[in-house]
Every structure is written in structure tokens, then in C-alpha cells.
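See structure below.
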Amino acid sequence: MTESFPVFDGASAPPPPPPPPAPRPSAGSRTQADSRPSKDAATPASDGGDLARAREIIRVISNSYSTKMVGQERLRTSLLVALIAGGHILLESVPGLAKTTAASTLADTVKASFKRIQCTPDLLPSDITGSQIYDASSGTFRTVLGPVHANFVLLDEINRSSAKTQSAMLEAMQERQTTIGGEVHHLPQPFLVIATQNPIEQEGTYELPEAQMDRFLLKEIVEYPSPAEEFEILGRIDSGVLDPDRHVPGAVSLDDVHDLQQIASRVYVDPAIRNYIVQLAYVTRNPGPYIGEDRARYIKYGASPRASIAFLQASRALALLKGRAHVLPEDVRELRHLVLRHRVLLTFEADAEGIRSEEIIDQIFAAVPTP
């Protein structure tokens with residue numbers, strides 16, 4: 001059962017030539033204000049200096065991160081993709097798989113502020129965003145900002161907080177600001193939310209609505225370490241490397257991360273790959289003619305346009321992590337589970353038959369021709 005795919009404007013057109021590199025001032029003439037190019041800057045990501053700088057920043061972050069973290073290479077890649085793409089990430093795993101350690105280590109590596117919020121049913125929105133407190137000595141109210149005002153925010157067990165609190169946090173994620181007493185307070189940049197949820201214990205939890213899960217750029221499933229990695233963890237505990245009060249020395253600055261994000265925003269994405277992304281999203285919404293009605297009946301809802309945007313942003317970040325200034329179809333394919341597992345929603349029938357979203361996603365990718 002096949003059907004011709006829609007071809008969208010620009011898919012068959014030849015790729016435009018990259019813009020000429022902008023003149024680069026000498027290191028001594030650059031000020032802090034002009035040292036970070038805007039998204040509209042003409043300098044392409046293929047500029048040798050920018051690409052070499054991105055590689056060096058990524059290398060330093062990765063090496064510093066690995067001094068404390070053992071294994072979990074996929075988790076490291078997912079966190080870096082989310083950070084570079086400027087999105088947020090949802091982690092799902094059983095307890096004890098170093099999610100908190102990974103988040104705090106990444107924050108230490110980047111010399112960034114880090115806050116951990118332990119979600120409980122009695123957590124209030126003001127406990128996250130902040131509130132106004134009456135100062136009796138002056139007879140006025142003063143604003144106290146909440147823990148969400150940090151570069152890295154670990155929202156531990158987000159599904160244990162009430163729907164009202166979840167909405168307040170997700171609003172901050174989307175708008176990048178909070179409103180306290182009628183005053184708008186912008187969140188620091190970069191701003192990365194790492195939310196976790198436990199899939200094995202549902203008592204006293206509030207499941208995240210599907211529309212709110214869609215706001216996470218990526219969803220990663222954190223798996224158990226290998227026996228060799230677990231052996232290494234025990235050795236690092238004995239050596240004191242994993243002591244809670246022992247922090248990784250900062251390796252890069254927030255300006256370095258900002259530059260990394262700007263370079264990633266200029267990574268080239270060919271029109272054929274853009275069309276590939278759109279076709280994939282289209283098939284999730286109209287699966288029958290492509291993967292067969294027997295499998296299509298397991299899909300309740302397909303991916304929203306946020307999935308296409310996530311593929312575009314995340315594939316640029318992944319290409320940069322791999323040292324390239326252009327996106328390949330393999331980058332999109334590698335991200336398929338991260339981007340779609342929380343956006344392709346399955347029916348109760350699929351759950352009853354043990355069908356996982358990853359299986360359906362793989363079939364969708366197999367049905368769409370790779371450019």
C-alpha cells in the first residue's frame with residue numbers, strides 16, 4: 001500500500017549558494033557587544049574559524065562532563081543537542097540512573113547557575129516562579145524570584161506536581177519569562193529545563209497532558225549502565241569523584257554557549273532535507289497509505305508542526321556536534337525517537353498489545369524515501 005508523497009516548494013530547487021563570509025575583525029578590536037553574531041548575521045557556519053571554535057567548545061564540555069559522568073553517552077549527546085538547539089528535554093527512567101548528576105555536572109561544566117526543584121503534590125506555582133513578600137520595615141512588597149530563574153533547571157519527577165504547577169512551569173519554558181505581581185521577569189539565557197519522570201511508580205502522580213509534553217524538544221529514555229560502567233562507578237565513589245560537594249571545574253562560559261547556539265543556527269539544511277522532515281510529519285498524521293491500516297490503527301494522533309521544528313533545530317545541533325556545517329539525512333534519522341516518541345501518540349489498543357511508539361516510528365521512517 002503506497003501513495004505518492006507531496007513535494008513542497010523548494011524541494012526540487014538547487015540549494016542556494018552560501019553567503020560570503022563577513023569580514024572578521026581582529027581579536028583585539030572585538031568588544032563584548034559585537035563578539036556574538038546575531039541570527040541574521042551573514043557569516044555562514046561553514047566559516048572555518050566558527051566551525052573550529054564550535055568543535056573546541058564541544059570538546060572541552062565533553063571532556064569536563066566525562067570527568068564525573070560514567071558512560072551514558074546517549075544522555076550526554078541528548079543534553080548537548082537540547083542545549084545547543086535552545087530547547088528543553090524530558091528524561092524518563094527508573095530512579096538512580098544519574099539524571100540529577102548529569103544535569104548538575106553539565107551546569108558546572110558551563111559555569112552556569114543550577115537549581116533543582118523536587119516536585120511534590122503540594123508544590124505551588126509560586127514555589128517555582130517566585131512571589132512577592134511584604135516587608136514590614138519599609139511597608140512595601142519585594143519580589144523574591146523562584147528557582148526557575150537559573151540557566152539549568154532540573155524539574156525532578158515533574159509528574160508528581162499538580163496540573164496547575166505543571167502549567168506554570170511549562171509557561172515559563174515557552175515564554176522564557178515569569179510574571180510576578182504584574183511585573184515581567186525574563187529568564188536567564190541560556191535556559192535549559194531538564195524534567196524527569198519515573199515510569200514505574202504512578203501512585204500520587206499527575207500524568208503530563210500530551211499537549212504539554214509536546215513543548216519538550218526531546219524525550220530521552222535513560223537506560224541502565226553496562227556492567228563495566230557500573231564497576232567504574234563503584235571505583236569513582238571510592239575515589240571521591242562522585243561526592244555531592246565535589247564539583248566539576250567550569251570549563252566554558254555562558255558566552256561560549258551563546259556563540260555555539262548562534263553557530264548552530266547557521267548550519268545549512270538543504271531543501272530536500274526540509275522536505276524529508278515535512279514528509280515524515282505528514283505520514284504520522286496520515287499513516288494508513290504508507291505503513292498499512294493494520295499498523296496505522298495504533299496511532300491516535302500524529303505529530304504537530306512542533307515536531308518538524310524540533311527536527312530542524314535538533315538536526316542542526318547534532319550536525320555541529322559531529323563537526324559538520326551541514327545536516328545529513330542520517331542526522332534526522334538518528335533523532336527520530338528523541339523527537340517523535342512523545343509526539344506520536346498511540347491508542348489504548350497499542351498499549352494493550354505491547355506496541356511501543358518506537359516501533360511505529362521506525363516503520364514510518366522505513367516508508368518515507370531518504371533523500
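Please note that chains go A, B, ... in the order of the C-alpha cells, that every chain numbers its residues from 1, and that ligands are numbered from 1 in the order shown.
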Would you write out, as JSON lines, a table of all residues in segment 139-215 of chain A that have an atom no more than 8 Å from an atom of segment 75-90 of chain A, listing for each the closest atom pair and the distance in Å to one decimal, considering only C-alpha atoms and ordering rows by chain and rising residue number?
{"residue": "A:Met173", "atom": "CA", "partner": "A:His88", "partner_atom": "CA", "distance": 7.8}
{"residue": "A:Pro190", "atom": "CA", "partner": "A:Gly86", "partner_atom": "CA", "distance": 7.2}
{"residue": "A:Phe191", "atom": "CA", "partner": "A:Gly86", "partner_atom": "CA", "distance": 7.4}
{"residue": "A:Leu192", "atom": "CA", "partner": "A:His88", "partner_atom": "CA", "distance": 5.5}
{"residue": "A:Val193", "atom": "CA", "partner": "A:His88", "partner_atom": "CA", "distance": 5.1}
{"residue": "A:Ile194", "atom": "CA", "partner": "A:Ile89", "partner_atom": "CA", "distance": 5.2}
{"residue": "A:Ala195", "atom": "CA", "partner": "A:Leu90", "partner_atom": "CA", "distance": 4.8}
{"residue": "A:Thr196", "atom": "CA", "partner": "A:Leu90", "partner_atom": "CA", "distance": 5.7}
{"residue": "A:Gln197", "atom": "CA", "partner": "A:Leu90", "partner_atom": "CA", "distance": 7.7}
{"residue": "A:Arg215", "atom": "CA", "partner": "A:His88", "partner_atom": "CA", "distance": 7.8}
Open item on the list: Taking 6 positions as the minimum chain separation for residues in the same chain, which residues sit within 7 Å of segment 106-118 of chain A when counting only C-alpha atoms? Answer as a list in words.
Closed with: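 Contacts, with the query itself left out: Ile61, Ser64, Tyr65, Pro147, Ala150, Asn151, Phe152, Val153, Leu154, Leu155, Asp156, Glu157, His247, Val248, Pro249, Gly250, Ala251, Val252, Ser253 and Leu254 of chain A.
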Export, as a PDB file, in the first residue's frame, the selected residues with N, CA, C and O atoms.
ATOM      1  N   ILE A  61      33.612  20.858  26.737  1.00  0.00           N
ATOM      2  CA  ILE A  61      32.429  20.482  27.517  1.00  0.00           C
ATOM      3  C   ILE A  61      32.382  18.970  27.723  1.00  0.00           C
ATOM      4  O   ILE A  61      32.155  18.478  28.828  1.00  0.00           O
ATOM      5  N   SER A  64      35.144  17.700  30.169  1.00  0.00           N
ATOM      6  CA  SER A  64      34.857  18.078  31.548  1.00  0.00           C
ATOM      7  C   SER A  64      33.683  17.277  32.100  1.00  0.00           C
ATOM      8  O   SER A  64      33.706  16.821  33.247  1.00  0.00           O
ATOM      9  N   TYR A  65      32.660  17.072  31.265  1.00  0.00           N
ATOM     10  CA  TYR A  65      31.478  16.303  31.661  1.00  0.00           C
ATOM     11  C   TYR A  65      31.863  14.863  32.002  1.00  0.00           C
ATOM     12  O   TYR A  65      31.363  14.280  32.966  1.00  0.00           O
ATOM     13  N   PRO A 147      13.133  29.420  41.930  1.00  0.00           N
ATOM     14  CA  PRO A 147      14.277  28.651  41.407  1.00  0.00           C
ATOM     15  C   PRO A 147      14.284  28.473  39.897  1.00  0.00           C
ATOM     16  O   PRO A 147      15.301  28.045  39.349  1.00  0.00           O
ATOM     17  N   ALA A 150      17.152  30.329  36.654  1.00  0.00           N
ATOM     18  CA  ALA A 150      18.507  29.793  36.591  1.00  0.00           C
ATOM     19  C   ALA A 150      18.767  29.319  35.171  1.00  0.00           C
ATOM     20  O   ALA A 150      17.824  29.125  34.382  1.00  0.00           O
ATOM     21  N   ASN A 151      20.038  29.153  34.823  1.00  0.00           N
ATOM     22  CA  ASN A 151      20.366  28.687  33.476  1.00  0.00           C
ATOM     23  C   ASN A 151      19.960  27.241  33.256  1.00  0.00           C
ATOM     24  O   ASN A 151      19.443  26.876  32.193  1.00  0.00           O
ATOM     25  N   PHE A 152      20.203  26.398  34.265  1.00  0.00           N
ATOM     26  CA  PHE A 152      19.843  24.986  34.186  1.00  0.00           C
ATOM     27  C   PHE A 152      18.877  24.674  35.328  1.00  0.00           C
ATOM     28  O   PHE A 152      19.211  24.913  36.497  1.00  0.00           O
ATOM     29  N   VAL A 153      17.717  24.168  34.984  1.00  0.00           N
ATOM     30  CA  VAL A 153      16.701  23.843  35.992  1.00  0.00           C
ATOM     31  C   VAL A 153      16.352  22.365  35.862  1.00  0.00           C
ATOM     32  O   VAL A 153      15.904  21.920  34.796  1.00  0.00           O
ATOM     33  N   LEU A 154      16.587  21.623  36.934  1.00  0.00           N
ATOM     34  CA  LEU A 154      16.191  20.216  36.970  1.00  0.00           C
ATOM     35  C   LEU A 154      14.842  20.127  37.655  1.00  0.00           C
ATOM     36  O   LEU A 154      14.708  20.431  38.843  1.00  0.00           O
ATOM     37  N   LEU A 155      13.845  19.722  36.914  1.00  0.00           N
ATOM     38  CA  LEU A 155      12.491  19.571  37.435  1.00  0.00           C
ATOM     39  C   LEU A 155      12.284  18.085  37.711  1.00  0.00           C
ATOM     40  O   LEU A 155      11.863  17.328  36.849  1.00  0.00           O
ATOM     41  N   ASP A 156      12.613  17.682  38.942  1.00  0.00           N
ATOM     42  CA  ASP A 156      12.652  16.268  39.275  1.00  0.00           C
ATOM     43  C   ASP A 156      11.247  15.716  39.504  1.00  0.00           C
ATOM     44  O   ASP A 156      10.487  16.255  40.310  1.00  0.00           O
ATOM     45  N   GLU A 157      10.930  14.627  38.795  1.00  0.00           N
ATOM     46  CA  GLU A 157       9.629  13.959  38.894  1.00  0.00           C
ATOM     47  C   GLU A 157       8.493  14.951  38.673  1.00  0.00           C
ATOM     48  O   GLU A 157       7.637  15.168  39.523  1.00  0.00           O
ATOM     49  N   HIS A 247      32.544  19.458  42.888  1.00  0.00           N
ATOM     50  CA  HIS A 247      32.015  19.960  41.630  1.00  0.00           C
ATOM     51  C   HIS A 247      33.081  19.930  40.539  1.00  0.00           C
ATOM     52  O   HIS A 247      34.281  20.064  40.810  1.00  0.00           O
ATOM     53  N   VAL A 248      32.605  19.771  39.307  1.00  0.00           N
ATOM     54  CA  VAL A 248      33.495  19.829  38.151  1.00  0.00           C
ATOM     55  C   VAL A 248      33.885  21.284  37.921  1.00  0.00           C
ATOM     56  O   VAL A 248      33.027  22.163  37.940  1.00  0.00           O
ATOM     57  N   PRO A 249      35.158  21.571  37.731  1.00  0.00           N
ATOM     58  CA  PRO A 249      35.556  22.958  37.472  1.00  0.00           C
ATOM     59  C   PRO A 249      34.971  23.463  36.167  1.00  0.00           C
ATOM     60  O   PRO A 249      34.888  22.728  35.174  1.00  0.00           O
ATOM     61  N   GLY A 250      34.502  24.719  36.177  1.00  0.00           N
ATOM     62  CA  GLY A 250      33.917  25.298  34.978  1.00  0.00           C
ATOM     63  C   GLY A 250      34.896  25.302  33.822  1.00  0.00           C
ATOM     64  O   GLY A 250      36.061  25.669  33.973  1.00  0.00           O
ATOM     65  N   ALA A 251      34.421  24.888  32.673  1.00  0.00           N
ATOM     66  CA  ALA A 251      35.303  24.768  31.516  1.00  0.00           C
ATOM     67  C   ALA A 251      35.022  25.824  30.457  1.00  0.00           C
ATOM     68  O   ALA A 251      35.934  26.307  29.797  1.00  0.00           O
ATOM     69  N   VAL A 252      33.743  26.176  30.261  1.00  0.00           N
ATOM     70  CA  VAL A 252      33.377  27.182  29.265  1.00  0.00           C
ATOM     71  C   VAL A 252      32.414  28.176  29.910  1.00  0.00           C
ATOM     72  O   VAL A 252      31.811  27.903  30.947  1.00  0.00           O
ATOM     73  N   SER A 253      32.259  29.324  29.273  1.00  0.00           N
ATOM     74  CA  SER A 253      31.409  30.377  29.809  1.00  0.00           C
ATOM     75  C   SER A 253      30.042  30.363  29.131  1.00  0.00           C
ATOM     76  O   SER A 253      29.828  29.678  28.119  1.00  0.00           O
ATOM     77  N   LEU A 254      29.127  31.157  29.674  1.00  0.00           N
ATOM     78  CA  LEU A 254      27.807  31.292  29.060  1.00  0.00           C
ATOM     79  C   LEU A 254      27.913  31.943  27.683  1.00  0.00           C
ATOM     80  O   LEU A 254      27.136  31.624  26.780  1.00  0.00           O
TER      81      LEU A 254
END
Open item on the list: So, with only C-alpha atoms as the atoms that count, which of A:Ala163, A:Gln174, A:Gly49, A:Ile158 lies closest to Leu217 of chain A?
Closed with: A:Gln174
TODO: For each of A:Val339, A:Leu208, A:Val222, A:Ala350, take the minimum atom-to-atom distance to Thr165 of chain A, counting only C-alpha atoms, then give the residue where this is smallest.
DONE: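 Closest to Thr165 of chain A of all the choices is A:Leu208.
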Task: DSSP-assigned alpha helix (DSSP H) members of segment 61-295 of chain A, reported as a PyMOL selection string - done: chain A and resi 61-66+73-85+99-109+125-129+163-175+210-213+227-239+254-265+271-285+288-291+293-295
TODO: Just the strand (DSSP E or B) stuff from segment 96-212 of chain A, please, per backbone DSSP, written as a PyMOL selection string.
DONE: chain A and resi 114-118+130-135+140-145+152-156+177-180+183-186+192-197
Selected residues written out with N, CA and C atoms, as a short mmCIF file (atom, residue, chain, number, x, y, z; two decimals), in the first residue's frame:
data_model
loop_
_atom_site.label_atom_id
_atom_site.label_comp_id
_atom_site.auth_asym_id
_atom_site.auth_seq_id
_atom_site.Cartn_x
_atom_site.Cartn_y
_atom_site.Cartn_z
N PHE A 114 22.52 26.65 38.55
CA PHE A 114 21.76 25.40 38.52
C PHE A 114 20.82 25.33 39.72
N LYS A 115 19.56 24.99 39.46
CA LYS A 115 18.58 24.81 40.52
C LYS A 115 17.85 23.48 40.32
N ARG A 116 17.60 22.81 41.43
CA ARG A 116 16.86 21.55 41.39
C ARG A 116 15.54 21.75 42.11
N ILE A 117 14.45 21.40 41.46
CA ILE A 117 13.12 21.52 42.04
C ILE A 117 12.54 20.12 42.20
N GLN A 118 12.32 19.71 43.43
CA GLN A 118 11.72 18.40 43.70
C GLN A 118 10.21 18.57 43.69
N GLY A 130 8.25 32.27 41.78
CA GLY A 130 8.58 33.33 42.72
C GLY A 130 7.31 34.02 43.21
N SER A 131 7.46 34.94 44.16
CA SER A 131 6.31 35.63 44.73
C SER A 131 6.75 36.96 45.32
N GLN A 132 5.76 37.72 45.78
CA GLN A 132 6.03 38.99 46.44
C GLN A 132 5.83 38.81 47.95
N ILE A 133 6.76 39.33 48.72
CA ILE A 133 6.73 39.21 50.17
C ILE A 133 6.63 40.61 50.78
N TYR A 134 5.76 40.76 51.76
CA TYR A 134 5.58 42.06 52.40
C TYR A 134 6.73 42.33 53.37
N ASP A 135 7.35 43.47 53.20
CA ASP A 135 8.45 43.90 54.07
C ASP A 135 7.88 44.91 55.07
N THR A 140 6.42 47.92 52.17
CA THR A 140 6.28 47.63 50.74
C THR A 140 6.46 46.13 50.49
N PHE A 141 6.09 45.74 49.27
CA PHE A 141 6.29 44.36 48.85
C PHE A 141 7.60 44.27 48.06
N ARG A 142 8.34 43.22 48.30
CA ARG A 142 9.55 42.96 47.50
C ARG A 142 9.41 41.62 46.80
N THR A 143 9.98 41.56 45.62
CA THR A 143 9.87 40.37 44.78
C THR A 143 11.01 39.40 45.09
N VAL A 144 10.63 38.15 45.31
CA VAL A 144 11.61 37.08 45.51
C VAL A 144 11.47 36.11 44.34
N LEU A 145 12.50 36.04 43.51
CA LEU A 145 12.44 35.17 42.34
C LEU A 145 12.56 33.71 42.75
N PHE A 152 20.20 26.40 34.27
CA PHE A 152 19.84 24.99 34.19
C PHE A 152 18.88 24.67 35.33
N VAL A 153 17.72 24.17 34.98
CA VAL A 153 16.70 23.84 35.99
C VAL A 153 16.35 22.37 35.86
N LEU A 154 16.59 21.62 36.93
CA LEU A 154 16.19 20.22 36.97
C LEU A 154 14.84 20.13 37.66
N LEU A 155 13.85 19.72 36.91
CA LEU A 155 12.49 19.57 37.44
C LEU A 155 12.28 18.09 37.71
N ASP A 156 12.61 17.68 38.94
CA ASP A 156 12.65 16.27 39.27
C ASP A 156 11.25 15.72 39.50
N GLN A 177 9.90 33.72 30.44
CA GLN A 177 9.73 34.80 31.40
C GLN A 177 8.69 34.39 32.43
N THR A 178 8.67 35.08 33.56
CA THR A 178 7.64 34.89 34.57
C THR A 178 7.03 36.25 34.90
N THR A 179 5.80 36.22 35.37
CA THR A 179 5.12 37.45 35.78
C THR A 179 4.77 37.33 37.26
N ILE A 180 5.34 38.24 38.05
CA ILE A 180 5.14 38.22 39.50
C ILE A 180 4.62 39.60 39.92
N GLU A 183 4.70 42.29 37.28
CA GLU A 183 5.99 42.63 36.70
C GLU A 183 6.56 41.43 35.95
N VAL A 184 7.08 41.69 34.78
CA VAL A 184 7.66 40.64 33.95
C VAL A 184 9.14 40.49 34.28
N HIS A 185 9.55 39.26 34.53
CA HIS A 185 10.95 38.97 34.84
C HIS A 185 11.46 37.96 33.80
N HIS A 186 12.41 38.37 33.00
CA HIS A 186 12.95 37.50 31.95
C HIS A 186 13.89 36.46 32.57
N LEU A 192 17.79 26.10 30.10
CA LEU A 192 17.53 24.70 29.77
C LEU A 192 16.81 24.03 30.93
N VAL A 193 15.63 23.50 30.64
CA VAL A 193 14.87 22.73 31.63
C VAL A 193 15.07 21.25 31.35
N ILE A 194 15.49 20.53 32.38
CA ILE A 194 15.65 19.08 32.29
C ILE A 194 14.63 18.48 33.25
N ALA A 195 13.53 17.99 32.71
CA ALA A 195 12.47 17.41 33.53
C ALA A 195 12.60 15.90 33.53
N THR A 196 12.29 15.28 34.67
CA THR A 196 12.36 13.83 34.77
C THR A 196 11.02 13.27 35.21
N GLN A 197 10.77 12.05 34.83
CA GLN A 197 9.60 11.34 35.33
C GLN A 197 9.91 9.86 35.47
#
Open item on the list: Under the rule that only C-alpha atoms are counted, which of A:Pro188, A:Gly323, A:Pro287, A:Gly302 is the nearest residue to His258 of chain A?
Closed with: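 The answer is A:Pro188, which sits nearest to His258 of chain A.
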